[in-house]
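Student: Submitted below is the structure of interest, expressed as structure tokens.
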Amino acid sequence: MPLIISAGVLLSSAPMAADGNDLNIQYLSDHNILVRTSANNEKYILLPVQESAPMAHIRVLSDGKLSELVNIPLAESKIDYYVPLTLADRDGSNIVLDIRCNNNRADLRDLTEAIWTREIKLSDTFDTSNREMFRPLFHHTPEYGWMNDPNGMFYKDGVWHLAFQWNPYGSKWENLAWGHSTSEDLINWHAESPVLYRDDLGMVFSGSAVVDKVNTAGFGKDAVVALFTSADASQTQSLAYSTDNGYTYTRFEGNPVIAYHRESRDPNMFWDESGKRWVLMLASALDGEMLIFTSPDLKEWTLQSKFGRDYGAHEGVWECPDLLKLPVLKNGIPTGRDKWVLICNINPGGPFGGSAAQYFVGDFDGNKFVAESAPEVTKWMDYGKDFYAAVSFSNAPEGRHPVIGWMSNWQYANDVPTLQYRSANTIVRDLSLFEFNGETYLASVPAQEMDSVRGKAIKGRTGKLNGKGIKYTLPKENSGICEIAFDVEISGGATVEAVLSNSKGEKVTMTLNAGDDTFSMDRRASGITDFSEHFPAVTTAPAYNGTGRYCVRLFIDRSSIEAFDASGRFAMTNLVFPNEAYDTLTISAPDGNATLHRMNIYPILIK
Ligand code: FRU
């Protein structure tokens with residue numbers, strides 16, 4: 001594809017490519033370039049990205065009108081990957097990219113030598129086939145680009161919808177839009193077209209979606225209504241609705257529907273059946289409190305109360321709230337009692353640094369949430385480093401309360417060693433409550449759908465454990481991707497170690513300590529850890545067990561380990577980047593006093 005380079009040519013006399021299919025580049029100055037095309041046969045302009053390059057600010061003009069604003073670190077000396085800018089969906093056929101580069105170059109020559117000016121190209125296709133050794137098998141990831149929080153999640157007509165904070169133009173946080181995936185089983189996710197891109201009110205930050213069953217908003221019965229944060233100079237809350245089950249959304253002309261005087265974001269709504277109105281939680285991020293609004297129609301919102309100033313952890317901003325009514329179970333059986341749980345994600349200030357999800361148990365009367373524990377009590381949904389922005393799916397069937405988290409940590413999310421995409425979601429967990437020593441806690445159990453992807457169990461040796469331990473081989477043919485379920489009885493306050501390792505000497509050590517009733521995971525020698533000083537870590541969870549008999553489930557998927565007590569009393573999610581898959585599990589009791597009753601290793605197989 002010939003490029004016409006016309007340095008110094010005046011805008012008005014710019015030559016265009018003869019066949020209308022080429023890119024024409026004009027250098028206006030040492031920090032400003034125009035790229036023009038009137039291609040109507042090709043679908044994309046492929047833009048070369050170098051993640052370490054300075055940010056270029058691009059105004060996409062379509063027939064002279066501003067169509068999109070994007071920020072991309074265009075490649076200067078090496079190309080990490082390409083990102084596609086879609087031409088087809090724009091109103092108009094003359095597309096101009098008005099590119100402003102950070103003006104830290106010495107002169108025009110630096111700009112003309114930037115590799116992107118030679119490698120930018122038109123294309124009819126954009127290859128999304130996987131190039132990443134760390135891409136998980138059974139966790140949701142975007143096909144390409146950056147992902148953070150799960151957004152606008154709902155269930156309808158047999159389909160689970162998961163939108164997510166997405167950068168269509170690179171694998172670091174920028175240009176936030178809502179990507180979209182769907183699933184029929186909460187495990188196999190299909191990439192759908194993105195649902196919301198930035199508009200005049202700003203980027204599209206996190207939010208939620210509900211099914212408006214009785215047409216309170218007037219967009220139609222069963223319309224899907226989403227509320228999200230429009231983030232620009234201010235953070236305001238905007239509404240969009242969908243009349244095709246959440247595949248496409250239309251923005252409401254009355255946006256924003258909430259403009260609070262302080263930085264506030266991540267609206268999360270639900271229908272309050274007893275009050276017959278909508279309830280919305282909004283994070284007043286800097287004040288460290290959650291605002292509770294109500295509405296008859298999803299458009300007019302009234303602030304009713306605030307929660308949290310003096311409660312729980314406050315080292316960071318409060319974000320991504322959720323409020324749920326959950327059953328209290330005893331030994332897995334409903335007690336007939338319910339309590340309310342307010343989920344409050346915080347960054348930083350997590351138990352092991354960076355971001356994490358705390359929660360409060362209490363009561364909600366339709367206007368106000370009251371916590372039942374003392375203000376200084378802090379409870380965490382997951383005691384790993386990589387579980388954030390967790391919120392629930394609305395309209396879930398069968399009384400379920402499934403949640404999904406973003407499987408990363410703001411301390412290093414932008415630096416993890418992947419390029420084509422960055423970040424996965426956790427597996428889905430179903431929530432309920434249990435009581436232990438006078439407090440009520442969240443139980444997080446892997447969604448039952450996870451059972452259906454278990455391959456044939458490899459039943460491992462059991463019996464008394466000693467310091468040497470028993471070794472098991474993980475399913476090599478399946479790249480070590482598996483669930484490990486074991487059941488161990490520990491007496492006399494002893495400890496049991498479960499170590500995942502590979503032939504490179506990389507390992508993750510998990511310890512059950514019956515003395516202090518904890519489960520911990522040490523990933524300091526897990527593989528690639530040097531991309532952030534915050535990555536090597538040991539995380540420890542209270543096991544809330546008290547019996548000395550532990551049933552543990554571990555889910556291993558190339559670059560993550562999620563550990564659960566089988567009844568959900570603890571959950572721990574940690575990323576790992578081994579240079580080769582872990583192929584061995586060694587389980588031992590350094591000072592004896594432990595008996596292994598069950599060891600099942602299930603290769604995880606995806607259709
Ligand atoms: C949480 C968060 C949200 C915000 C979004 C922006 O991870 O900071 O508060 O809406 O990410 O991407």
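Chain labels follow the order of the structure tokens: the first chain is A, the next B, and so on; residue numbering restarts at 1 in every chain, and ligands are counted from 1 in their shown order.
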DSSP on the backbone: which residues in stretch 482-575 of chain A end up as strand (DSSP E or B)? Give the answer as a ChimeraX atom specification.
Tutor: /A:482-490,495-501,507-513,518-522,538-542,549-556,560-565,571-575
Student: Could you give me, as CSV, a per-residue list for chain A showing, wherever an atom lies at most 8 Å from an atom of ligand 1, the closest pair of atoms and their distance in Å to one decimal, using only C-alpha atoms and all ligand atoms and sorting by chain then residue number from low to high?
Tutor:
residue,atom,partner,partner_atom_place_in_ligand_line,distance
A:Asn148,CA,ligand 1,7 (O),6.2
A:Asp149,CA,ligand 1,7 (O),5.4
A:Gln165,CA,ligand 1,12 (O),5.7
A:Trp166,CA,ligand 1,12 (O),7.9
A:Trp173,CA,ligand 1,12 (O),7.2
A:Leu176,CA,ligand 1,12 (O),6.3
A:Val204,CA,ligand 1,10 (O),7.8
A:Phe205,CA,ligand 1,10 (O),4.1
A:Ser206,CA,ligand 1,10 (O),3.9
A:Gly207,CA,ligand 1,10 (O),7.2
A:Thr229,CA,ligand 1,10 (O),6.5
A:Arg265,CA,ligand 1,10 (O),5.8
A:Asp266,CA,ligand 1,10 (O),5.2
A:Ala283,CA,ligand 1,9 (O),7.9
A:Ala285,CA,ligand 1,9 (O),7.6
A:Trp318,CA,ligand 1,9 (O),7.6
A:Glu319,CA,ligand 1,9 (O),4.6
A:Cys320,CA,ligand 1,9 (O),5.8
A:Asn345,CA,ligand 1,1 (C),7.8
A:Asn347,CA,ligand 1,7 (O),7.9
A:Tyr388,CA,ligand 1,7 (O),7.1
A:Ala389,CA,ligand 1,7 (O),5.7
A:Trp410,CA,ligand 1,7 (O),7.5
Student: Pull N, CA, C and O atoms from the residues just selected and write them as a PDB file, in the first residue's frame.
Tutor:
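Result file is part-v6.pdb:
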ATOM      1  N   ASN A 148     -10.683  -3.632  32.595  1.00  0.00           N
ATOM      2  CA  ASN A 148     -10.760  -3.654  34.055  1.00  0.00           C
ATOM      3  C   ASN A 148     -12.174  -4.033  34.474  1.00  0.00           C
ATOM      4  O   ASN A 148     -12.651  -5.091  34.037  1.00  0.00           O
ATOM      5  N   ASP A 149     -12.839  -3.273  35.295  1.00  0.00           N
ATOM      6  CA  ASP A 149     -14.051  -3.737  35.976  1.00  0.00           C
ATOM      7  C   ASP A 149     -15.094  -4.430  35.089  1.00  0.00           C
ATOM      8  O   ASP A 149     -15.386  -3.954  33.986  1.00  0.00           O
ATOM      9  N   GLN A 165     -15.059  -2.666  31.415  1.00  0.00           N
ATOM     10  CA  GLN A 165     -14.218  -1.507  31.131  1.00  0.00           C
ATOM     11  C   GLN A 165     -13.178  -1.944  30.115  1.00  0.00           C
ATOM     12  O   GLN A 165     -12.390  -2.862  30.378  1.00  0.00           O
ATOM     13  N   TRP A 166     -13.165  -1.289  28.963  1.00  0.00           N
ATOM     14  CA  TRP A 166     -12.352  -1.787  27.859  1.00  0.00           C
ATOM     15  C   TRP A 166     -11.672  -0.641  27.121  1.00  0.00           C
ATOM     16  O   TRP A 166     -12.294   0.396  26.876  1.00  0.00           O
ATOM     17  N   TRP A 173      -4.715   0.991  30.495  1.00  0.00           N
ATOM     18  CA  TRP A 173      -5.943   1.748  30.811  1.00  0.00           C
ATOM     19  C   TRP A 173      -5.990   3.055  30.008  1.00  0.00           C
ATOM     20  O   TRP A 173      -5.112   3.890  30.132  1.00  0.00           O
ATOM     21  N   LEU A 176     -11.720   4.620  27.894  1.00  0.00           N
ATOM     22  CA  LEU A 176     -12.638   3.629  28.434  1.00  0.00           C
ATOM     23  C   LEU A 176     -13.992   3.597  27.730  1.00  0.00           C
ATOM     24  O   LEU A 176     -14.653   4.619  27.569  1.00  0.00           O
ATOM     25  N   VAL A 204     -16.622   6.215  29.238  1.00  0.00           N
ATOM     26  CA  VAL A 204     -17.664   5.402  29.857  1.00  0.00           C
ATOM     27  C   VAL A 204     -17.027   4.577  30.972  1.00  0.00           C
ATOM     28  O   VAL A 204     -16.320   3.613  30.709  1.00  0.00           O
ATOM     29  N   PHE A 205     -17.243   5.004  32.189  1.00  0.00           N
ATOM     30  CA  PHE A 205     -16.716   4.272  33.338  1.00  0.00           C
ATOM     31  C   PHE A 205     -17.733   3.219  33.779  1.00  0.00           C
ATOM     32  O   PHE A 205     -18.724   2.968  33.117  1.00  0.00           O
ATOM     33  N   SER A 206     -17.496   2.671  34.976  1.00  0.00           N
ATOM     34  CA  SER A 206     -18.273   1.506  35.395  1.00  0.00           C
ATOM     35  C   SER A 206     -19.722   1.821  35.720  1.00  0.00           C
ATOM     36  O   SER A 206     -20.073   2.954  36.061  1.00  0.00           O
ATOM     37  N   GLY A 207     -20.552   0.791  35.666  1.00  0.00           N
ATOM     38  CA  GLY A 207     -21.966   0.926  35.987  1.00  0.00           C
ATOM     39  C   GLY A 207     -22.649  -0.427  35.922  1.00  0.00           C
ATOM     40  O   GLY A 207     -21.997  -1.458  35.799  1.00  0.00           O
ATOM     41  N   THR A 229     -21.007   5.749  34.655  1.00  0.00           N
ATOM     42  CA  THR A 229     -20.390   7.040  34.935  1.00  0.00           C
ATOM     43  C   THR A 229     -19.802   7.622  33.660  1.00  0.00           C
ATOM     44  O   THR A 229     -19.046   6.947  32.957  1.00  0.00           O
ATOM     45  N   ARG A 265     -18.996   7.732  41.383  1.00  0.00           N
ATOM     46  CA  ARG A 265     -19.023   6.847  40.207  1.00  0.00           C
ATOM     47  C   ARG A 265     -19.565   5.461  40.516  1.00  0.00           C
ATOM     48  O   ARG A 265     -19.828   5.109  41.636  1.00  0.00           O
ATOM     49  N   ASP A 266     -19.697   4.699  39.447  1.00  0.00           N
ATOM     50  CA  ASP A 266     -20.009   3.267  39.471  1.00  0.00           C
ATOM     51  C   ASP A 266     -21.413   2.975  40.000  1.00  0.00           C
ATOM     52  O   ASP A 266     -21.581   2.168  40.933  1.00  0.00           O
ATOM     53  N   ALA A 283     -20.720   5.325  44.479  1.00  0.00           N
ATOM     54  CA  ALA A 283     -19.530   5.515  45.317  1.00  0.00           C
ATOM     55  C   ALA A 283     -19.118   6.981  45.303  1.00  0.00           C
ATOM     56  O   ALA A 283     -18.834   7.546  44.247  1.00  0.00           O
ATOM     57  N   ALA A 285     -16.300   8.579  45.847  1.00  0.00           N
ATOM     58  CA  ALA A 285     -14.982   7.945  45.895  1.00  0.00           C
ATOM     59  C   ALA A 285     -14.046   8.562  46.933  1.00  0.00           C
ATOM     60  O   ALA A 285     -13.479   7.869  47.772  1.00  0.00           O
ATOM     61  N   TRP A 318     -13.183   4.771  47.557  1.00  0.00           N
ATOM     62  CA  TRP A 318     -14.249   3.759  47.541  1.00  0.00           C
ATOM     63  C   TRP A 318     -14.848   3.742  46.141  1.00  0.00           C
ATOM     64  O   TRP A 318     -15.155   4.799  45.573  1.00  0.00           O
ATOM     65  N   GLU A 319     -15.027   2.523  45.619  1.00  0.00           N
ATOM     66  CA  GLU A 319     -15.506   2.380  44.245  1.00  0.00           C
ATOM     67  C   GLU A 319     -16.438   1.171  44.153  1.00  0.00           C
ATOM     68  O   GLU A 319     -16.485   0.330  45.055  1.00  0.00           O
ATOM     69  N   CYS A 320     -17.117   1.069  43.034  1.00  0.00           N
ATOM     70  CA  CYS A 320     -17.887  -0.130  42.653  1.00  0.00           C
ATOM     71  C   CYS A 320     -18.685  -0.745  43.794  1.00  0.00           C
ATOM     72  O   CYS A 320     -18.339  -1.812  44.305  1.00  0.00           O
ATOM     73  N   ASN A 345     -15.654  -1.821  47.022  1.00  0.00           N
ATOM     74  CA  ASN A 345     -14.287  -2.025  46.547  1.00  0.00           C
ATOM     75  C   ASN A 345     -13.453  -0.804  46.927  1.00  0.00           C
ATOM     76  O   ASN A 345     -13.949   0.327  46.924  1.00  0.00           O
ATOM     77  N   ASN A 347      -9.453   1.112  46.768  1.00  0.00           N
ATOM     78  CA  ASN A 347      -8.133   1.157  46.128  1.00  0.00           C
ATOM     79  C   ASN A 347      -7.392   2.449  46.458  1.00  0.00           C
ATOM     80  O   ASN A 347      -7.912   3.515  46.175  1.00  0.00           O
ATOM     81  N   TYR A 388     -10.919  -7.690  42.279  1.00  0.00           N
ATOM     82  CA  TYR A 388     -11.349  -6.308  42.457  1.00  0.00           C
ATOM     83  C   TYR A 388     -12.604  -6.031  41.647  1.00  0.00           C
ATOM     84  O   TYR A 388     -12.949  -6.739  40.698  1.00  0.00           O
ATOM     85  N   ALA A 389     -13.251  -4.901  42.038  1.00  0.00           N
ATOM     86  CA  ALA A 389     -14.414  -4.388  41.306  1.00  0.00           C
ATOM     87  C   ALA A 389     -15.511  -5.432  41.192  1.00  0.00           C
ATOM     88  O   ALA A 389     -16.278  -5.446  40.239  1.00  0.00           O
ATOM     89  N   TRP A 410      -4.688  -2.821  40.890  1.00  0.00           N
ATOM     90  CA  TRP A 410      -4.251  -1.548  40.306  1.00  0.00           C
ATOM     91  C   TRP A 410      -2.764  -1.284  40.529  1.00  0.00           C
ATOM     92  O   TRP A 410      -2.172  -0.450  39.839  1.00  0.00           O
TER      93      TRP A 410
END
Student: So that I can check the surroundings of A:Arg569, please list as a list in words every protein, DNA and RNA residue that reaches within 9 Å of it, counting only C-alpha atoms and ignoring chain neighbours fewer than 3 positions away.
Tutor: Phe434, Tyr441, Leu442, Ala443, Ser444, Val445, Pro542, Ala543, Tyr544, Asn545, Phe564, Asp565 and Ala566 of chain A
Student: How about saving the chosen residues, N, CA and C atoms kept, as a CSV table (one decimal), in the first residue's frame?
Tutor:
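What landed in again-v4.csv:
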chain,number,residue,atom,x,y,z
A,434,PHE,N,-22.6,-17.0,56.1
A,434,PHE,CA,-22.5,-18.0,57.2
A,434,PHE,C,-22.1,-17.3,58.5
A,441,TYR,N,-20.4,-13.8,57.8
A,441,TYR,CA,-19.4,-13.6,56.7
A,441,TYR,C,-20.0,-14.0,55.4
A,442,LEU,N,-19.4,-13.5,54.3
A,442,LEU,CA,-19.8,-13.9,53.0
A,442,LEU,C,-19.2,-15.2,52.7
A,443,ALA,N,-20.0,-16.1,52.1
A,443,ALA,CA,-19.4,-17.4,51.5
A,443,ALA,C,-19.4,-17.2,50.0
A,444,SER,N,-18.2,-17.5,49.4
A,444,SER,CA,-18.1,-17.4,48.0
A,444,SER,C,-17.8,-18.8,47.4
A,445,VAL,N,-18.7,-19.4,46.8
A,445,VAL,CA,-18.6,-20.7,46.2
A,445,VAL,C,-18.4,-20.7,44.7
A,542,PRO,N,-8.1,-15.7,56.8
A,542,PRO,CA,-8.7,-16.5,57.9
A,542,PRO,C,-9.6,-17.6,57.3
A,543,ALA,N,-9.5,-18.8,57.8
A,543,ALA,CA,-10.2,-19.9,57.2
A,543,ALA,C,-11.6,-20.1,57.8
A,544,TYR,N,-11.9,-19.4,58.9
A,544,TYR,CA,-13.2,-19.5,59.6
A,544,TYR,C,-13.6,-21.0,59.7
A,545,ASN,N,-12.7,-21.9,60.1
A,545,ASN,CA,-13.1,-23.3,60.0
A,545,ASN,C,-13.2,-23.9,61.4
A,564,PHE,N,-10.3,-21.9,47.1
A,564,PHE,CA,-11.6,-21.8,47.9
A,564,PHE,C,-11.6,-22.8,48.9
A,565,ASP,N,-12.2,-22.5,50.1
A,565,ASP,CA,-12.7,-23.5,50.9
A,565,ASP,C,-14.0,-24.0,50.2
A,566,ALA,N,-14.2,-25.3,50.2
A,566,ALA,CA,-15.3,-25.9,49.4
A,566,ALA,C,-16.7,-25.3,49.7
Student: For atom CA of A:Ile458 and atom CA of A:Leu605, quote the distance in Å rounded to one decimal.
Tutor: 13.6 Å
Student: Please provide as a list of chain:residue names all residues within 6 Å of stretch 511-519 of chain A, with the sequence filter that same-chain residues fewer than 3 positions apart are discarded (counting only C-alpha atoms).
Tutor: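 Near stretch 511-519 of chain A, the qualifying residues are A:Gly493, A:Ala494, A:Thr495, A:Val496, A:Glu497, A:Thr540, A:Ala541, A:Pro542, A:Ala543, A:Gly548.
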Student: Using C-alpha atoms, can you write the selected residues to a file as a CSV table (one decimal), in the first residue's frame?
Tutor:
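Contents of selection-v9.csv, freshly written:
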chain,number,residue,atom,x,y,z
A,493,GLY,CA,-2.3,-27.1,65.3
A,494,ALA,CA,0.0,-28.5,62.6
A,495,THR,CA,0.4,-27.2,59.0
A,496,VAL,CA,0.0,-28.8,55.6
A,497,GLU,CA,1.8,-27.5,52.5
A,540,THR,CA,-3.1,-15.1,54.1
A,541,ALA,CA,-6.9,-15.7,54.7
A,542,PRO,CA,-8.7,-16.5,57.9
A,543,ALA,CA,-10.2,-19.9,57.2
A,548,GLY,CA,-9.1,-28.8,61.6
Student: Counting only C-alpha atoms, which residue out of A:Val370, A:Val195, A:Leu111, A:Met269 sits closest to A:Arg251?
Tutor: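 Of all the options, A:Val195 lies closest to A:Arg251.
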Student: Mind giving me the straight-line distance from atom CA of A:Phe555 to atom CA of A:Gly350 in Å, one decimal?
Tutor: 22.4 Å
Student: Could you jot down the atom CA of A:His180 to atom CA of A:Ala413 separation for me, Å, one decimal place?
Tutor: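 Interatomic distance, atom CA of A:His180 to atom CA of A:Ala413: 20.1 Å.
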Student: Find, counting only C-alpha atoms, the residue in A:Ala177, A:Met203, A:Ala563, A:Val361 that gets nearest to A:Gly145.
Tutor: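 Using only C-alpha atoms, A:Gly145 sits closest to A:Ala177.
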Student: With distances taken over only C-alpha atoms, which residue among A:Ala39, A:Leu431, A:Val211, A:Val508 lies nearest A:Asp124?
Tutor: A:Ala39
Student: Which of these residues is nearest to A:His161, using only C-alpha atoms: A:Met147, A:Val83, A:Gly384, A:Phe393?
Tutor: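 Of A:Met147, A:Val83, A:Gly384, A:Phe393, the one nearest A:His161, counting only C-alpha atoms, is A:Phe393.
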Student: Of the residues A:Thr586, A:Thr573, A:Gln358, A:Thr547, which is the one nearest to A:Met407, using only C-alpha atoms?
Tutor: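 Of A:Thr586, A:Thr573, A:Gln358, A:Thr547, the one nearest A:Met407 is A:Thr573, counting only C-alpha atoms.
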Student: Using backbone DSSP assignments, extract all helix (DSSP H, G or I) residues from stretch 364-484 of chain A; output them as a ChimeraX atom specification.
Tutor: /A:413-415,448-453,476-478
